[in-house]
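Q: Next up, work06.cif (mmCIF, C-alpha atoms).
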data_final
loop_
_atom_site.group_PDB
_atom_site.id
_atom_site.type_symbol
_atom_site.label_atom_id
_atom_site.label_comp_id
_atom_site.auth_asym_id
_atom_site.auth_seq_id
_atom_site.Cartn_x
_atom_site.Cartn_y
_atom_site.Cartn_z
ATOM 1 C CA MET A 1 89.986 82.979 113.290
ATOM 2 C CA LYS A 2 88.594 85.764 111.090
ATOM 3 C CA GLU A 3 91.888 87.690 111.283
ATOM 4 C CA ASN A 4 93.792 84.566 110.173
ATOM 5 C CA LYS A 5 91.494 84.155 107.181
ATOM 6 C CA LEU A 6 91.924 87.821 106.327
ATOM 7 C CA ALA A 7 95.716 87.526 106.647
ATOM 8 C CA GLU A 8 95.737 84.457 104.393
ATOM 9 C CA LEU A 9 93.497 86.116 101.773
ATOM 10 C CA SER A 10 95.659 89.218 101.759
ATOM 11 C CA MET A 11 98.845 87.149 101.406
ATOM 12 C CA ASN A 12 97.382 85.233 98.446
ATOM 13 C CA PHE A 13 96.246 88.514 96.918
ATOM 14 C CA SER A 14 99.735 89.996 97.349
ATOM 15 C CA VAL A 15 101.206 87.020 95.509
ATOM 16 C CA GLN A 16 98.767 87.604 92.638
ATOM 17 C CA ILE A 17 99.641 91.315 92.580
ATOM 18 C CA ILE A 18 103.361 90.549 92.389
ATOM 19 C CA LYS A 19 102.702 88.212 89.454
ATOM 20 C CA LEU A 20 100.642 90.954 87.794
ATOM 21 C CA VAL A 21 103.456 93.474 88.312
ATOM 22 C CA LYS A 22 105.925 91.087 86.663
ATOM 23 C CA ASP A 23 103.584 90.734 83.668
ATOM 24 C CA LEU A 24 103.076 94.495 83.425
ATOM 25 C CA LYS A 25 106.804 95.188 83.560
ATOM 26 C CA ALA A 26 107.341 92.616 80.804
ATOM 27 C CA LYS A 27 104.936 94.767 78.745
ATOM 28 C CA HIS A 28 107.052 97.825 79.668
ATOM 29 C CA GLU A 29 104.272 99.342 81.802
ATOM 30 C CA THR A 30 106.034 100.811 84.833
ATOM 31 C CA VAL A 31 103.950 103.687 86.198
ATOM 32 C CA ILE A 32 100.805 101.785 87.109
ATOM 33 C CA SER A 33 102.695 98.584 87.894
ATOM 34 C CA ASN A 34 104.692 100.433 90.562
ATOM 35 C CA GLN A 35 101.527 101.955 92.023
ATOM 36 C CA ILE A 36 99.533 98.733 92.156
ATOM 37 C CA GLY A 37 102.563 96.867 93.444
ATOM 38 C CA ARG A 38 102.824 99.214 96.412
ATOM 39 C CA SER A 39 99.126 99.452 97.241
ATOM 40 C CA GLY A 40 98.313 95.796 96.550
ATOM 41 C CA THR A 41 101.046 94.404 98.778
ATOM 42 C CA SER A 42 100.549 97.049 101.460
ATOM 43 C CA ILE A 43 97.114 95.621 102.250
ATOM 44 C CA GLY A 44 98.557 92.430 103.687
ATOM 45 C CA ALA A 45 101.470 94.183 105.348
ATOM 46 C CA ASN A 46 99.091 96.392 107.324
ATOM 47 C CA ILE A 47 96.873 93.446 108.237
ATOM 48 C CA TYR A 48 99.904 91.559 109.538
ATOM 49 C CA GLU A 49 101.101 94.661 111.385
ATOM 50 C CA ALA A 50 97.682 94.997 113.027
ATOM 51 C CA ASN A 51 98.328 91.714 114.826
ATOM 52 C CA TYR A 52 101.044 93.507 116.813
ATOM 53 C CA ALA A 53 99.122 96.711 117.402
ATOM 54 C CA GLN A 54 99.557 98.667 120.619
ATOM 55 C CA GLY A 55 95.927 98.517 121.620
ATOM 56 C CA LYS A 56 92.577 98.460 119.886
ATOM 57 C CA LYS A 57 92.827 101.964 118.425
ATOM 58 C CA ASP A 58 96.147 101.135 116.794
ATOM 59 C CA PHE A 59 94.631 97.847 115.555
ATOM 60 C CA ILE A 60 91.734 99.734 113.945
ATOM 61 C CA SER A 61 94.121 102.266 112.443
ATOM 62 C CA LYS A 62 96.163 99.521 110.736
ATOM 63 C CA LEU A 63 93.019 97.865 109.376
ATOM 64 C CA GLU A 64 91.721 101.212 108.114
ATOM 65 C CA ILE A 65 95.023 101.828 106.329
ATOM 66 C CA ALA A 66 94.706 98.367 104.765
ATOM 67 C CA LEU A 67 91.176 99.297 103.676
ATOM 68 C CA LYS A 68 92.410 102.503 102.020
ATOM 69 C CA GLU A 69 95.132 100.553 100.234
ATOM 70 C CA ALA A 70 92.563 97.993 99.057
ATOM 71 C CA SER A 71 90.388 100.796 97.721
ATOM 72 C CA GLU A 72 93.340 102.289 95.859
ATOM 73 C CA THR A 73 94.232 98.876 94.472
ATOM 74 C CA GLY A 74 90.685 98.511 93.172
ATOM 75 C CA TYR A 75 91.133 101.784 91.300
ATOM 76 C CA TRP A 76 94.394 100.628 89.687
ATOM 77 C CA LEU A 77 92.821 97.309 88.704
ATOM 78 C CA GLU A 78 89.947 99.072 86.977
ATOM 79 C CA LEU A 79 92.347 101.427 85.209
ATOM 80 C CA LEU A 80 94.476 98.508 84.005
ATOM 81 C CA HIS A 81 91.357 96.790 82.731
ATOM 82 C CA ARG A 82 90.034 99.881 80.945
ATOM 83 C CA THR A 83 93.400 100.403 79.260
ATOM 84 C CA ASN A 84 93.567 96.745 78.183
ATOM 85 C CA TYR A 85 96.629 95.867 80.245
ATOM 86 C CA ILE A 86 94.645 93.069 81.890
ATOM 87 C CA ASP A 87 91.913 90.963 80.338
ATOM 88 C CA ASP A 88 88.368 90.479 81.618
ATOM 89 C CA ALA A 89 89.086 87.213 83.427
ATOM 90 C CA SER A 90 92.146 88.564 85.241
ATOM 91 C CA TYR A 91 90.304 91.729 86.202
ATOM 92 C CA GLN A 92 87.271 89.826 87.488
ATOM 93 C CA SER A 93 89.384 87.477 89.582
ATOM 94 C CA LEU A 94 91.613 90.156 91.100
ATOM 95 C CA ASN A 95 88.766 92.581 91.652
ATOM 96 C CA GLU A 96 86.690 89.888 93.361
ATOM 97 C CA GLN A 97 89.572 89.063 95.708
ATOM 98 C CA CYS A 98 90.149 92.743 96.457
ATOM 99 C CA THR A 99 86.446 93.298 97.127
ATOM 100 C CA SER A 100 86.304 90.310 99.498
ATOM 101 C CA ILE A 101 89.233 91.701 101.453
ATOM 102 C CA ARG A 102 87.577 95.142 101.640
ATOM 103 C CA VAL A 103 84.322 93.607 102.912
ATOM 104 C CA MET A 104 86.178 91.679 105.606
ATOM 105 C CA LEU A 105 88.167 94.760 106.614
ATOM 106 C CA VAL A 106 85.023 96.866 106.959
ATOM 107 C CA ALA A 107 83.374 94.148 109.061
ATOM 108 C CA SER A 108 86.453 93.765 111.263
ATOM 109 C CA CYS A 109 86.701 97.518 111.865
ATOM 110 C CA LYS A 110 83.019 97.733 112.739
ATOM 111 C CA THR A 111 83.277 94.815 115.169
ATOM 112 C CA VAL A 112 86.297 96.220 116.989
ATOM 113 C CA LYS A 113 84.767 99.705 117.166
ATOM 114 C CA LYS A 114 81.554 98.204 118.512
ATOM 115 C CA ASN A 115 83.517 96.306 121.169
ATOM 116 C CA ILE A 116 85.396 99.463 122.183
ATOM 117 C CA ASN A 117 82.199 101.457 122.546
ATOM 118 C CA GLY A 118 80.446 98.611 124.350
ATOM 119 C CA ALA A 119 77.449 98.850 122.032
#
Take the structure in this file and express it as structure tokens.

A:
Amino acid sequence: MKENKLAELSMNFSVQIIKLVKDLKAKHETVISNQIGRSGTSIGANIYEANYAQGKKDFISKLEIALKEASETGYWLELLHRTNYIDDASYQSLNEQCTSIRVMLVASCKTVKKNINGA
């Protein structure tokens, strides 16, 4: 159930990132829009890929990659906000979604690692 919620959150976030990229490209901002487009949509792709992992270690690896991508996306969001490419409301909303995904990814990784180690 938790994985499905995480997959749904990451899909919704990816949709928001794609909309943001369209807006940024309309403003002729291409460097950061390309970066955030890749990292922001990669989160969900890795979460979905984790569902077909070849064992628990592979599953954890995919979730950890998603976590790294979410962290990178958080950086790009803050940079876009500080350079006034996105307003306060957009930043707050996207950053909150990204943070929620990161929290869930950390919790999922910890749970799986705990189950592997039998602790």

Q: May I have the residues within 7 Å of region 88-104 of chain A as number ranges by chain, using all atoms listed in the file and disregarding those fewer than 2 positions away in the same chain?

A: A: 6, 10, 13, 67, 70, 74, 77, 81, 86, 106-108

Q: Taking into account all atoms listed in the file, which residue in the set A:Gly44, A:Lys57, A:Ala66, A:Ser71 is nearest to Asn115 (chain A)?

A: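 Checking each candidate against Asn115 (chain A), we get A:Lys57 as the closest.
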
Q: Write out as a list in words each polymer residue whose atoms come within 9 Å of Leu63 (chain A), counting all atoms listed in the file; drop sequence neighbours fewer than 5 positions from it.

A: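 In the requested form, the answer reads Ile43, Asn46, Ile47, Glu49, Ala50, Asp58, Lys68, Leu105, Val106, Ser108 and Cys109 of chain A.
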
Q: With the file shown as input, list the residues that the PyMOL selection byres ((chain A and resi 20) around 10) selects, as a ChimeraX atom specification.

A: /A:14-19,21-26,33,36-37,85-86,90,94

Q: Quick one: distance from CA of Asn51 (chain A) to CA of Gly118 (chain A) in Å, one decimal?

A: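 Going from CA of Asn51 (chain A) over to CA of Gly118 (chain A), I get 21.4 Å.
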
Q: What gap, in Å, lies between CA of Ser61 (chain A) and CA of Thr73 (chain A)?

A: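 If I compute the distance from CA of Ser61 (chain A) to CA of Thr73 (chain A), I get 18.3 Å.
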
Q: Could you check how far CA of Asn84 (chain A) sits from CA of Glu72 (chain A), in Å to one decimal?

A: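 Distance between the two atoms: 18.5 Å.
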
Q: Quick one: of A:Tyr75, A:Ala53, A:Arg38, A:Tyr48, who's nearest to Asn4 (chain A), counting all atoms listed in the file?

A: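 So, comparing all the options, the nearest one is A:Tyr48.
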
Q: Can you pull out the residues contacting Asn117 (chain A)? Cut-off 12 Å, using all atoms listed in the file, and skip same-chain residues under 4 positions away; I want them as a VMD selection string.

A: chain A and resid 56 to 57 110 to 113

Q: Rebuild region 3-18 of chain A to N, CA and C atoms - output it as a PDB file, in the coordinates of the input, please.

A:
ATOM      1  N   GLU A   3      90.663  86.968 111.609  1.00  0.00           N
ATOM      2  CA  GLU A   3      91.888  87.690 111.283  1.00  0.00           C
ATOM      3  C   GLU A   3      92.843  86.784 110.510  1.00  0.00           C
ATOM      4  N   ASN A   4      92.915  85.498 110.887  1.00  0.00           N
ATOM      5  CA  ASN A   4      93.792  84.566 110.173  1.00  0.00           C
ATOM      6  C   ASN A   4      93.325  84.382 108.735  1.00  0.00           C
ATOM      7  N   LYS A   5      92.022  84.293 108.539  1.00  0.00           N
ATOM      8  CA  LYS A   5      91.494  84.155 107.181  1.00  0.00           C
ATOM      9  C   LYS A   5      91.800  85.414 106.375  1.00  0.00           C
ATOM     10  N   LEU A   6      91.634  86.552 106.985  1.00  0.00           N
ATOM     11  CA  LEU A   6      91.924  87.821 106.327  1.00  0.00           C
ATOM     12  C   LEU A   6      93.412  87.921 105.982  1.00  0.00           C
ATOM     13  N   ALA A   7      94.267  87.505 106.898  1.00  0.00           N
ATOM     14  CA  ALA A   7      95.716  87.526 106.647  1.00  0.00           C
ATOM     15  C   ALA A   7      96.064  86.587 105.493  1.00  0.00           C
ATOM     16  N   GLU A   8      95.453  85.419 105.461  1.00  0.00           N
ATOM     17  CA  GLU A   8      95.737  84.457 104.393  1.00  0.00           C
ATOM     18  C   GLU A   8      95.234  84.975 103.040  1.00  0.00           C
ATOM     19  N   LEU A   9      94.027  85.541 103.017  1.00  0.00           N
ATOM     20  CA  LEU A   9      93.497  86.116 101.773  1.00  0.00           C
ATOM     21  C   LEU A   9      94.387  87.244 101.265  1.00  0.00           C
ATOM     22  N   SER A  10      94.833  88.087 102.177  1.00  0.00           N
ATOM     23  CA  SER A  10      95.659  89.218 101.759  1.00  0.00           C
ATOM     24  C   SER A  10      97.029  88.750 101.272  1.00  0.00           C
ATOM     25  N   MET A  11      97.573  87.690 101.868  1.00  0.00           N
ATOM     26  CA  MET A  11      98.845  87.149 101.406  1.00  0.00           C
ATOM     27  C   MET A  11      98.689  86.568  99.993  1.00  0.00           C
ATOM     28  N   ASN A  12      97.632  85.797  99.783  1.00  0.00           N
ATOM     29  CA  ASN A  12      97.382  85.233  98.446  1.00  0.00           C
ATOM     30  C   ASN A  12      97.177  86.332  97.414  1.00  0.00           C
ATOM     31  N   PHE A  13      96.476  87.387  97.811  1.00  0.00           N
ATOM     32  CA  PHE A  13      96.246  88.514  96.918  1.00  0.00           C
ATOM     33  C   PHE A  13      97.568  89.205  96.581  1.00  0.00           C
ATOM     34  N   SER A  14      98.423  89.374  97.578  1.00  0.00           N
ATOM     35  CA  SER A  14      99.735  89.996  97.349  1.00  0.00           C
ATOM     36  C   SER A  14     100.552  89.191  96.348  1.00  0.00           C
ATOM     37  N   VAL A  15     100.487  87.881  96.452  1.00  0.00           N
ATOM     38  CA  VAL A  15     101.206  87.020  95.509  1.00  0.00           C
ATOM     39  C   VAL A  15     100.679  87.254  94.093  1.00  0.00           C
ATOM     40  N   GLN A  16      99.359  87.350  93.946  1.00  0.00           N
ATOM     41  CA  GLN A  16      98.767  87.604  92.638  1.00  0.00           C
ATOM     42  C   GLN A  16      99.168  88.986  92.105  1.00  0.00           C
ATOM     43  N   ILE A  17      99.240  89.959  92.987  1.00  0.00           N
ATOM     44  CA  ILE A  17      99.641  91.315  92.580  1.00  0.00           C
ATOM     45  C   ILE A  17     101.091  91.313  92.108  1.00  0.00           C
ATOM     46  N   ILE A  18     101.955  90.608  92.802  1.00  0.00           N
ATOM     47  CA  ILE A  18     103.361  90.549  92.389  1.00  0.00           C
ATOM     48  C   ILE A  18     103.483  89.896  91.012  1.00  0.00           C
TER      49      ILE A  18
END
